[in-house]
$ cat my_file_14.txt   # compact mmCIF, C-alpha atoms and all ligand atoms
# COMPACT_ATOMS: atom_id res chain seq x y z
CA MET N 1 0.00 0.00 0.00
CA THR N 2 1.36 3.43 -0.92
CA VAL N 3 2.28 5.54 2.08
CA GLN N 4 0.55 8.93 1.82
CA LEU N 5 2.83 11.96 1.75
CA ASP N 6 1.81 13.25 5.22
CA GLU N 7 2.42 9.85 6.74
CA PHE N 8 5.77 9.62 4.93
CA LYS N 9 6.88 12.92 6.48
CA THR N 10 5.65 11.90 9.94
CA ARG N 11 7.80 8.79 9.60
CA GLN N 12 10.76 10.84 8.40
CA ARG N 13 10.51 13.06 11.46
CA ALA N 14 10.32 10.00 13.72
CA THR N 15 13.35 8.54 11.94
CA TRP N 16 15.53 11.62 12.46
CA GLU N 17 14.44 11.78 16.11
CA ALA N 18 15.58 8.21 16.67
CA GLY N 19 19.08 7.48 17.90
CA ASP N 20 21.34 10.41 18.73
CA TYR N 21 22.16 12.39 15.59
CA ALA N 22 23.45 15.37 17.60
CA THR N 23 26.45 13.34 18.79
CA LEU N 24 27.32 12.35 15.20
CA SER N 25 26.77 15.65 13.37
CA PRO N 26 30.06 17.16 14.67
CA ARG N 27 31.81 14.48 12.57
CA ILE N 28 30.64 16.30 9.43
CA ALA N 29 30.78 19.85 10.84
CA GLU N 30 33.75 20.66 8.57
CA VAL N 31 31.43 20.20 5.57
CA GLY N 32 29.08 22.89 6.89
CA GLU N 33 32.08 25.18 7.37
CA LEU N 34 33.21 24.59 3.78
CA VAL N 35 29.70 25.14 2.40
CA ALA N 36 29.34 28.41 4.35
CA ALA N 37 32.78 29.52 3.11
CA ARG N 38 32.10 28.61 -0.54
CA ALA N 39 28.80 30.49 -0.28
CA GLY N 40 30.83 33.56 0.70
CA THR N 41 28.69 34.17 3.78
CA ALA N 42 29.47 37.61 5.17
CA PRO N 43 28.11 40.14 7.67
CA GLY N 44 24.66 41.41 6.79
CA MET N 45 23.84 38.62 4.36
CA SER N 46 20.59 36.68 4.85
CA VAL N 47 21.16 32.93 4.81
CA LEU N 48 18.82 29.94 4.98
CA ASP N 49 20.08 26.47 6.00
CA VAL N 50 17.53 23.95 4.63
CA ALA N 51 17.10 20.71 6.62
CA CYS N 52 19.64 22.19 9.02
CA GLY N 53 19.46 19.49 11.71
CA THR N 54 21.67 20.74 14.53
CA GLY N 55 22.99 23.59 12.36
CA ASN N 56 26.16 22.35 10.67
CA ALA N 57 25.89 25.04 7.97
CA ALA N 58 23.79 27.55 9.92
CA ILE N 59 26.30 27.92 12.76
CA PRO N 60 29.39 28.77 10.65
CA ALA N 61 27.25 31.14 8.55
CA ALA N 62 26.21 32.92 11.78
CA ARG N 63 29.84 32.98 12.95
CA ALA N 64 30.64 34.80 9.69
CA GLY N 65 28.16 37.50 10.70
CA ALA N 66 25.22 36.53 8.46
CA ARG N 67 21.57 36.75 9.55
CA VAL N 68 20.72 33.06 9.60
CA THR N 69 17.56 30.98 9.59
CA GLY N 70 17.71 27.21 10.03
CA LEU N 71 14.73 25.12 8.91
CA ASP N 72 14.16 21.46 9.67
CA LEU N 73 11.38 18.89 9.97
CA THR N 74 12.62 17.57 13.32
CA PRO N 75 12.08 19.72 16.46
CA LYS N 76 14.50 17.67 18.58
CA LEU N 77 17.42 18.54 16.28
CA LEU N 78 16.41 22.22 16.09
CA GLU N 79 16.47 22.39 19.91
CA GLN N 80 19.93 20.83 19.99
CA GLY N 81 21.12 23.29 17.34
CA ARG N 82 19.65 26.21 19.28
CA ALA N 83 21.49 25.12 22.46
CA GLN N 84 24.79 24.86 20.58
CA ALA N 85 24.34 28.27 18.93
CA GLU N 86 23.39 29.91 22.22
CA SER N 87 26.47 28.44 23.90
CA GLU N 88 28.51 30.36 21.30
CA GLY N 89 26.42 33.53 21.68
CA LEU N 90 25.07 33.22 18.10
CA GLN N 91 21.63 34.47 17.07
CA ILE N 92 19.91 32.07 14.66
CA GLU N 93 16.21 31.76 13.91
CA TRP N 94 15.20 28.09 14.14
CA VAL N 95 12.05 27.18 12.18
CA GLU N 96 10.20 23.88 12.15
CA GLY N 97 9.09 23.25 8.56
CA ASP N 98 9.26 21.27 5.38
CA ALA N 99 11.90 21.77 2.65
CA GLU N 100 9.16 21.12 0.08
CA GLU N 101 7.04 24.01 1.37
CA LEU N 102 9.39 26.68 2.62
CA PRO N 103 7.45 29.19 4.76
CA PHE N 104 9.29 32.22 3.33
CA GLU N 105 8.59 34.93 0.76
CA ASP N 106 10.07 34.75 -2.74
CA ALA N 107 13.67 36.03 -2.97
CA SER N 108 14.03 36.46 0.79
CA PHE N 109 17.58 35.06 1.16
CA ASP N 110 20.98 35.94 -0.34
CA ARG N 111 22.22 32.39 0.14
CA VAL N 112 20.39 29.06 0.55
CA LEU N 113 22.52 26.23 1.96
CA SER N 114 22.04 22.56 2.74
CA THR N 115 24.48 19.94 4.03
CA PHE N 116 23.14 16.41 3.58
CA GLY N 117 19.67 17.77 4.34
CA HIS N 118 17.48 18.69 1.35
CA MET N 119 18.56 15.39 -0.27
CA PHE N 120 16.24 13.54 2.15
CA ALA N 121 13.03 15.35 1.16
CA PRO N 122 11.12 12.96 -1.12
CA ARG N 123 10.14 15.15 -4.11
CA HIS N 124 13.38 16.50 -5.51
CA GLY N 125 11.94 18.80 -8.16
CA ARG N 126 9.71 20.39 -5.56
CA VAL N 127 12.63 20.99 -3.16
CA ALA N 128 14.77 22.51 -5.93
CA ASP N 129 11.91 24.82 -6.95
CA GLU N 130 11.42 25.93 -3.36
CA MET N 131 15.12 26.60 -2.75
CA GLY N 132 15.25 28.54 -6.02
CA ARG N 133 12.12 30.50 -5.16
CA VAL N 134 13.34 31.79 -1.79
CA CYS N 135 16.84 32.68 -3.06
CA ARG N 136 17.14 36.13 -4.63
CA PRO N 137 18.33 36.63 -8.22
CA GLY N 138 22.09 37.13 -8.06
CA GLY N 139 22.25 34.90 -4.98
CA ALA N 140 23.45 31.29 -4.71
CA ILE N 141 22.33 27.88 -3.50
CA VAL N 142 25.24 25.89 -2.05
CA THR N 143 24.78 22.26 -1.08
CA ALA N 144 26.71 19.17 -0.01
CA THR N 145 25.31 15.77 -0.93
CA TRP N 146 26.72 12.25 -0.56
CA THR N 147 27.61 10.59 -3.88
CA GLN N 148 26.43 7.31 -5.36
CA GLU N 149 30.06 6.19 -5.77
CA GLY N 150 30.92 6.96 -2.14
CA ILE N 151 30.19 5.18 1.13
CA PHE N 152 26.66 6.52 1.49
CA GLY N 153 25.79 5.28 -2.00
CA SER N 154 27.11 1.79 -1.18
CA MET N 155 25.23 1.77 2.13
CA SER N 156 22.01 2.85 0.42
CA ALA N 157 22.36 0.06 -2.15
CA ALA N 158 23.05 -2.51 0.58
CA SER N 159 20.06 -1.35 2.65
CA ALA N 160 17.50 -1.22 -0.17
CA PRO N 161 16.68 -4.98 -0.30
CA PHE N 162 15.97 -4.95 3.44
CA MET N 163 13.55 -2.03 3.33
CA PRO N 164 10.00 -1.67 2.02
CA PRO N 165 10.02 -0.10 -1.46
CA PRO N 166 9.77 3.70 -1.27
CA PRO N 167 6.50 5.31 -2.44
CA GLU N 168 6.58 6.32 -6.11
CA TYR N 169 6.78 10.05 -5.34
CA ALA N 170 9.98 9.58 -3.25
CA SER N 171 13.24 9.72 -5.22
CA PRO N 172 16.43 8.18 -3.78
CA PRO N 173 18.46 10.80 -1.82
CA VAL N 174 21.74 9.70 -3.41
CA LEU N 175 20.64 10.97 -6.85
CA TRP N 176 21.63 14.41 -5.54
CA GLY N 177 25.28 13.30 -5.56
CA ASP N 178 25.49 13.59 -9.33
CA GLU N 179 26.47 16.81 -11.15
CA GLU N 180 24.07 16.27 -14.08
CA TYR N 181 21.18 15.57 -11.74
CA VAL N 182 21.83 18.81 -9.82
CA ARG N 183 21.91 20.70 -13.15
CA GLU N 184 18.62 19.10 -14.14
CA MET N 185 16.90 19.85 -10.81
CA PHE N 186 17.92 23.53 -10.59
CA GLY N 187 18.10 24.08 -14.34
CA SER N 188 15.31 26.59 -14.76
CA ALA N 189 16.48 28.85 -11.92
CA ALA N 190 20.25 28.74 -12.44
CA THR N 191 22.58 31.02 -14.38
CA ALA N 192 25.76 29.00 -13.62
CA PHE N 193 26.94 25.88 -11.81
CA GLU N 194 30.22 24.99 -10.08
CA PHE N 195 30.96 21.56 -8.70
CA GLU N 196 33.63 20.17 -6.38
CA ARG N 197 34.05 16.64 -5.08
CA HIS N 198 35.46 16.31 -1.56
CA VAL N 199 36.03 13.63 1.03
CA ASN N 200 34.98 13.69 4.69
CA TRP N 201 37.18 11.31 6.68
CA GLN N 202 35.77 9.26 9.51
CA GLU N 203 38.46 8.12 11.95
CA GLU N 204 38.12 5.79 14.92
CA GLU N 205 40.33 3.52 17.05
CA SER N 206 38.85 0.49 15.30
CA LEU N 207 36.20 -0.50 12.79
CA GLU N 208 34.28 -2.30 15.55
CA GLU N 209 34.15 0.84 17.70
CA PHE N 210 32.89 2.87 14.75
CA ALA N 211 30.27 0.23 13.93
CA ASP N 212 28.96 0.17 17.52
CA LEU N 213 28.77 3.96 17.64
CA PHE N 214 27.12 4.31 14.27
CA MET N 215 24.58 1.51 14.67
CA GLU N 216 23.53 2.77 18.12
CA ARG N 217 23.22 6.42 17.16
CA PHE N 218 22.65 7.02 13.43
CA PRO N 219 18.89 7.59 12.98
CA LEU N 220 18.55 5.57 9.75
CA MET N 221 20.25 2.55 11.32
CA VAL N 222 18.36 2.80 14.63
CA THR N 223 15.10 2.89 12.63
CA ALA N 224 16.20 -0.05 10.45
CA ARG N 225 17.06 -2.09 13.54
CA ALA N 226 13.60 -1.44 15.05
CA MET N 227 11.95 -2.37 11.74
CA LEU N 228 14.03 -5.46 10.89
CA GLY N 229 14.37 -7.13 14.28
CA ASP N 230 16.14 -10.48 13.78
CA ARG N 231 17.17 -9.55 10.21
CA PHE N 232 19.12 -6.48 11.33
CA PRO N 233 22.44 -8.30 12.05
CA GLU N 234 22.55 -9.34 8.38
CA LEU N 235 22.23 -5.72 7.21
CA ARG N 236 24.76 -4.61 9.83
CA GLU N 237 27.27 -7.15 8.55
CA ARG N 238 26.83 -6.00 4.95
CA ILE N 239 27.47 -2.41 5.94
CA VAL N 240 30.48 -3.30 8.08
CA GLU N 241 31.84 -5.19 5.07
CA ILE N 242 31.56 -2.00 2.96
CA TRP N 243 33.50 -0.07 5.63
CA ARG N 244 36.10 -2.85 5.89
CA ASP N 245 36.71 -2.74 2.12
CA ALA N 246 36.95 1.05 2.05
CA ASN N 247 39.09 1.43 5.19
CA GLU N 248 42.39 3.12 4.28
CA ALA N 249 44.07 2.60 7.68
CA THR N 250 46.76 -0.08 7.85
CA ASP N 251 47.35 -0.07 11.63
CA GLY N 252 44.12 -1.70 12.82
CA SER N 253 42.30 1.61 13.19
CA LEU N 254 39.63 3.07 10.91
CA ARG N 255 40.14 5.79 8.29
CA LEU N 256 37.07 5.89 6.12
CA PRO N 257 36.68 8.23 3.11
CA GLN N 258 33.15 9.53 2.59
CA GLU N 259 32.88 11.26 -0.77
CA TYR N 260 30.45 14.14 -1.27
CA LEU N 261 29.54 16.61 -3.99
CA LEU N 262 29.64 20.33 -3.21
CA SER N 263 27.40 22.22 -5.65
CA ILE N 264 27.28 25.97 -6.16
CA VAL N 265 24.18 27.01 -8.08
CA ARG N 266 24.23 30.68 -9.06
CA LEU N 267 20.92 32.39 -9.72
C1 LIG D 301 21.64 13.85 7.70
S1 LIG D 301 20.65 15.04 8.53
C2 LIG D 301 21.56 16.51 8.08
C3 LIG D 301 21.39 17.60 9.10
C4 LIG D 301 22.37 18.77 8.97
N1 LIG D 301 22.15 19.54 7.76
C5 LIG D 301 23.80 18.32 9.08
O1 LIG D 301 24.62 18.65 8.21
O2 LIG D 301 24.14 17.66 10.08
C6 LIG D 301 19.18 15.14 7.51
C7 LIG D 301 18.21 16.20 8.01
O3 LIG D 301 17.18 16.38 7.05
C8 LIG D 301 15.98 16.70 7.76
N2 LIG D 301 14.86 16.49 6.85
C9 LIG D 301 14.49 15.34 6.21
N3 LIG D 301 13.43 15.58 5.42
C10 LIG D 301 13.13 16.90 5.54
C11 LIG D 301 12.13 17.75 4.95
N4 LIG D 301 11.22 17.27 4.10
N5 LIG D 301 12.13 19.06 5.31
C12 LIG D 301 13.03 19.54 6.18
N6 LIG D 301 13.97 18.79 6.76
C13 LIG D 301 14.04 17.49 6.44
C14 LIG D 301 16.04 15.77 8.96
O4 LIG D 301 15.18 16.16 9.99
C15 LIG D 301 17.52 15.87 9.32
O5 LIG D 301 17.75 16.92 10.23

$ encode --input "my_file_14.txt" --output "structure tokens" --more "lines below"
Ligand SMILES: C[S@@+](CC[C@H](N)C(=O)[O-])C[C@H]1O[C@@H](n2cnc3c(N)ncnc32)[C@H](O)[C@@H]1O
Amino acid sequence: MTVQLDEFKTRQRATWEAGDYATLSPRIAEVGELVAARAGTAPGMSVLDVACGTGNAAIPAARAGARVTGLDLTPKLLEQGRAQAESEGLQIEWVEGDAEELPFEDASFDRVLSTFGHMFAPRHGRVADEMGRVCRPGGAIVTATWTQEGIFGSMSAASAPFMPPPPEYASPPVLWGDEEYVREMFGSAATAFEFERHVNWQEEESLEEFADLFMERFPLMVTARAMLGDRFPELRERIVEIWRDANEATDGSLRLPQEYLLSIVRL
């Protein structure tokens, strides 16, 4: 039976509330810093971080002096982002909302950012239209998205057979990791595109330690475990195998390259 859109989003919110994403997001904080830097965030600029979670792009944009709004579906993560920002004395407006229906006027931001966030909204064309609508002409949309060829792509492929098929309106998040796809999605709004591929390194004392941490805390895995029950160990083993193959450490520790695409879409 097809899951209705509202129900799909309720489940997405429950998924991102599961586990403990706030303790993992610092591991990709450098990506938010790079996205904010590539966006040229500066004092006085208005910036929106779409699907901001705990604020990985919003916080460095605010540190740069921009007027920042962070929007996310999941209140728990917004509260954790707010606490972090307040501890640094940063003013950010945190808004609960949907990337597919941004509650902002046309052309209200100089920069629209997203780090591994907008890629999880189900209707990609709709998200691209919304991000383009709220960004002013002459502004830029700057995003980071995991690639199909990287670790996230391999993990998505390994997980798919274990999960119920997605509803027909929901496109796979990893499509956003492809330059041509980004061009296609933002095509009508864009005047120019720039792309960079980067790697975020995950390091840990051992693969086993990383696996325990990730499986206990990463929302998608915590949700899969609850859904799969006895079948979860099989999925866990497949994912650990992917990490084992990709591990570049030779001393028994873990050094895992996670490739992502940084896209700059100029309007
Ligand atoms: C991997 S987290 C990324 C969070 C943050 N940008 C970061 O870099 O850590 C994915 C985020 O997308 C949010 N999300 C998923 N679907 C969404 C939607 N339709 N609208 C807004 N946020 C959404 C989740 O709540 C979650 O915070």

$ residues_near_ligand --input "my_file_14.txt" --ligand "ligand LIG 301 (chain D)" --cutoff "7 Å" --atoms "only C-alpha atoms and all ligand atoms" --output "ChimeraX atom specification"
/N:9,12-13,16,25,28-29,32,50-57,71-74,77,97-100,114-118,120-122

$ atom_distance --input "my_file_14.txt" --atom1 "atom CA of N:Ile264" --atom2 "atom CA of N:Pro103"
22.9 Å

$ closest_residue --input "my_file_14.txt" --among "N:Thr69, N:Ser154, N:Gln202, N:Gln4" --to "N:Val47" --atoms "all atoms listed in the file"
N:Thr69

$ closest_residue --input "my_file_14.txt" --among "N:Pro172, N:Gly139, N:Gly89, N:Gly150" --to "N:Ala39" --atoms "all atoms listed in the file"
N:Gly139

$ atom_distance --input "my_file_14.txt" --atom1 "atom CA of N:Pro75" --atom2 "atom CA of N:Ala211"
26.8 Å

$ closest_residue --input "my_file_14.txt" --among "N:Gly70, N:Arg126, N:Val142, N:Ala224" --to "N:Glu33" --atoms "all atoms listed in the file"
N:Val142

$ closest_residue --input "my_file_14.txt" --among "N:Phe218, N:Phe152, N:Trp94, N:Tyr260" --to "N:Glu17" --atoms "only C-alpha atoms"
N:Phe218

$ closest_residue --input "my_file_14.txt" --among "N:Glu196, N:Phe210, N:Val3, N:Val112" --to "N:Leu24" --atoms "only C-alpha atoms"
N:Phe210

$ residues_around --input "my_file_14.txt" --residues "N:Trp146" --least-positions-apart "6" --cutoff "10 Å" --atoms "only C-alpha atoms" --output "ChimeraX atom specification"
/N:115-116,119,152-153,173-178,197-200,258-262

$ residues_around --input "my_file_14.txt" --residues "N:Thr223" --least-positions-apart "6" --cutoff "9 Å" --atoms "all atoms listed in the file" --output "ChimeraX atom specification"
/N:14-16,18-19

$ residues_around --input "my_file_14.txt" --residues "N:Ile151" --least-positions-apart "3" --cutoff "8 Å" --atoms "only C-alpha atoms" --output "list in words"
Thr147, Gln148, Ser154, Met155, Ile242, Trp243, Ala246, Pro257, Gln258 and Glu259 of chain N

$ atom_distance --input "my_file_14.txt" --atom1 "atom CA of N:Pro137" --atom2 "atom CA of N:Leu48"
14.8 Å

$ axis_aligned_box --input "my_file_14.txt" --around "stretch 229-246 of chain N" --padding-each-side "4 Å" --output "JSON"
{"center_x": 25.7, "center_y": -4.7, "center_z": 8.2, "size_x": 30.6, "size_y": 19.5, "size_z": 20.2}

$ residues_around --input "my_file_14.txt" --residues "N:Ile141" --least-positions-apart "6" --cutoff "10 Å" --atoms "only C-alpha atoms" --output "VMD selection string"
chain N and resid 35 39 47 to 49 109 to 114 128 131 to 132 134 to 135 186 190 193 263 to 267

$ residues_near_point --input "my_file_14.txt" --point "(41.2, -1.6, 16.3)" --cutoff "9 Å" --atoms "all atoms listed in the file" --output "list of chain:residue names"
N:Glu204, N:Glu205, N:Ser206, N:Leu207, N:Glu208, N:Glu209, N:Asp251, N:Gly252, N:Ser253, N:Leu254

$ closest_residue --input "my_file_14.txt" --among "N:Leu102, N:Val95, N:Val127, N:Leu220" --to "N:Ala170" --atoms "only C-alpha atoms"
N:Val127

$ residues_around --input "my_file_14.txt" --residues "N:Leu228" --least-positions-apart "6" --cutoff "10 Å" --atoms "only C-alpha atoms" --output "JSON, numbers by chain"
{"N": [162, 163, 234, 235]}

$ decode --input "my_file_14.txt" --residues "stretch 184-197 of chain N" --atoms "N, CA and C atoms" --output "compact mmCIF listing (two decimals), in the first residue's frame"
# COMPACT_ATOMS: atom_id res chain seq x y z
N GLU N 184 19.99 19.34 -13.69
CA GLU N 184 18.62 19.10 -14.14
C GLU N 184 17.60 19.66 -13.13
N MET N 185 17.86 19.43 -11.84
CA MET N 185 16.90 19.85 -10.81
C MET N 185 16.80 21.37 -10.71
N PHE N 186 17.95 22.08 -10.77
CA PHE N 186 17.92 23.53 -10.59
C PHE N 186 17.91 24.28 -11.92
N GLY N 187 17.90 23.51 -13.02
CA GLY N 187 18.10 24.08 -14.34
C GLY N 187 17.38 25.38 -14.62
N SER N 188 16.07 25.43 -14.33
CA SER N 188 15.31 26.59 -14.76
C SER N 188 15.69 27.85 -13.98
N ALA N 189 16.18 27.68 -12.74
CA ALA N 189 16.48 28.85 -11.92
C ALA N 189 17.92 29.34 -12.09
N ALA N 190 18.81 28.45 -12.54
CA ALA N 190 20.25 28.74 -12.44
C ALA N 190 20.81 29.54 -13.61
N THR N 191 21.83 30.37 -13.31
CA THR N 191 22.58 31.02 -14.38
C THR N 191 23.94 30.35 -14.57
N ALA N 192 24.46 29.69 -13.53
CA ALA N 192 25.76 29.00 -13.62
C ALA N 192 25.87 27.95 -12.52
N PHE N 193 26.70 26.95 -12.80
CA PHE N 193 26.94 25.88 -11.81
C PHE N 193 28.44 25.72 -11.60
N GLU N 194 28.84 25.43 -10.36
CA GLU N 194 30.22 24.99 -10.08
C GLU N 194 30.13 23.76 -9.20
N PHE N 195 31.00 22.80 -9.47
CA PHE N 195 30.96 21.56 -8.70
C PHE N 195 32.35 21.22 -8.17
N GLU N 196 32.38 20.66 -6.95
CA GLU N 196 33.63 20.17 -6.38
C GLU N 196 33.32 18.84 -5.69
N ARG N 197 34.20 17.88 -5.86
CA ARG N 197 34.05 16.64 -5.08
C ARG N 197 35.07 16.66 -3.94
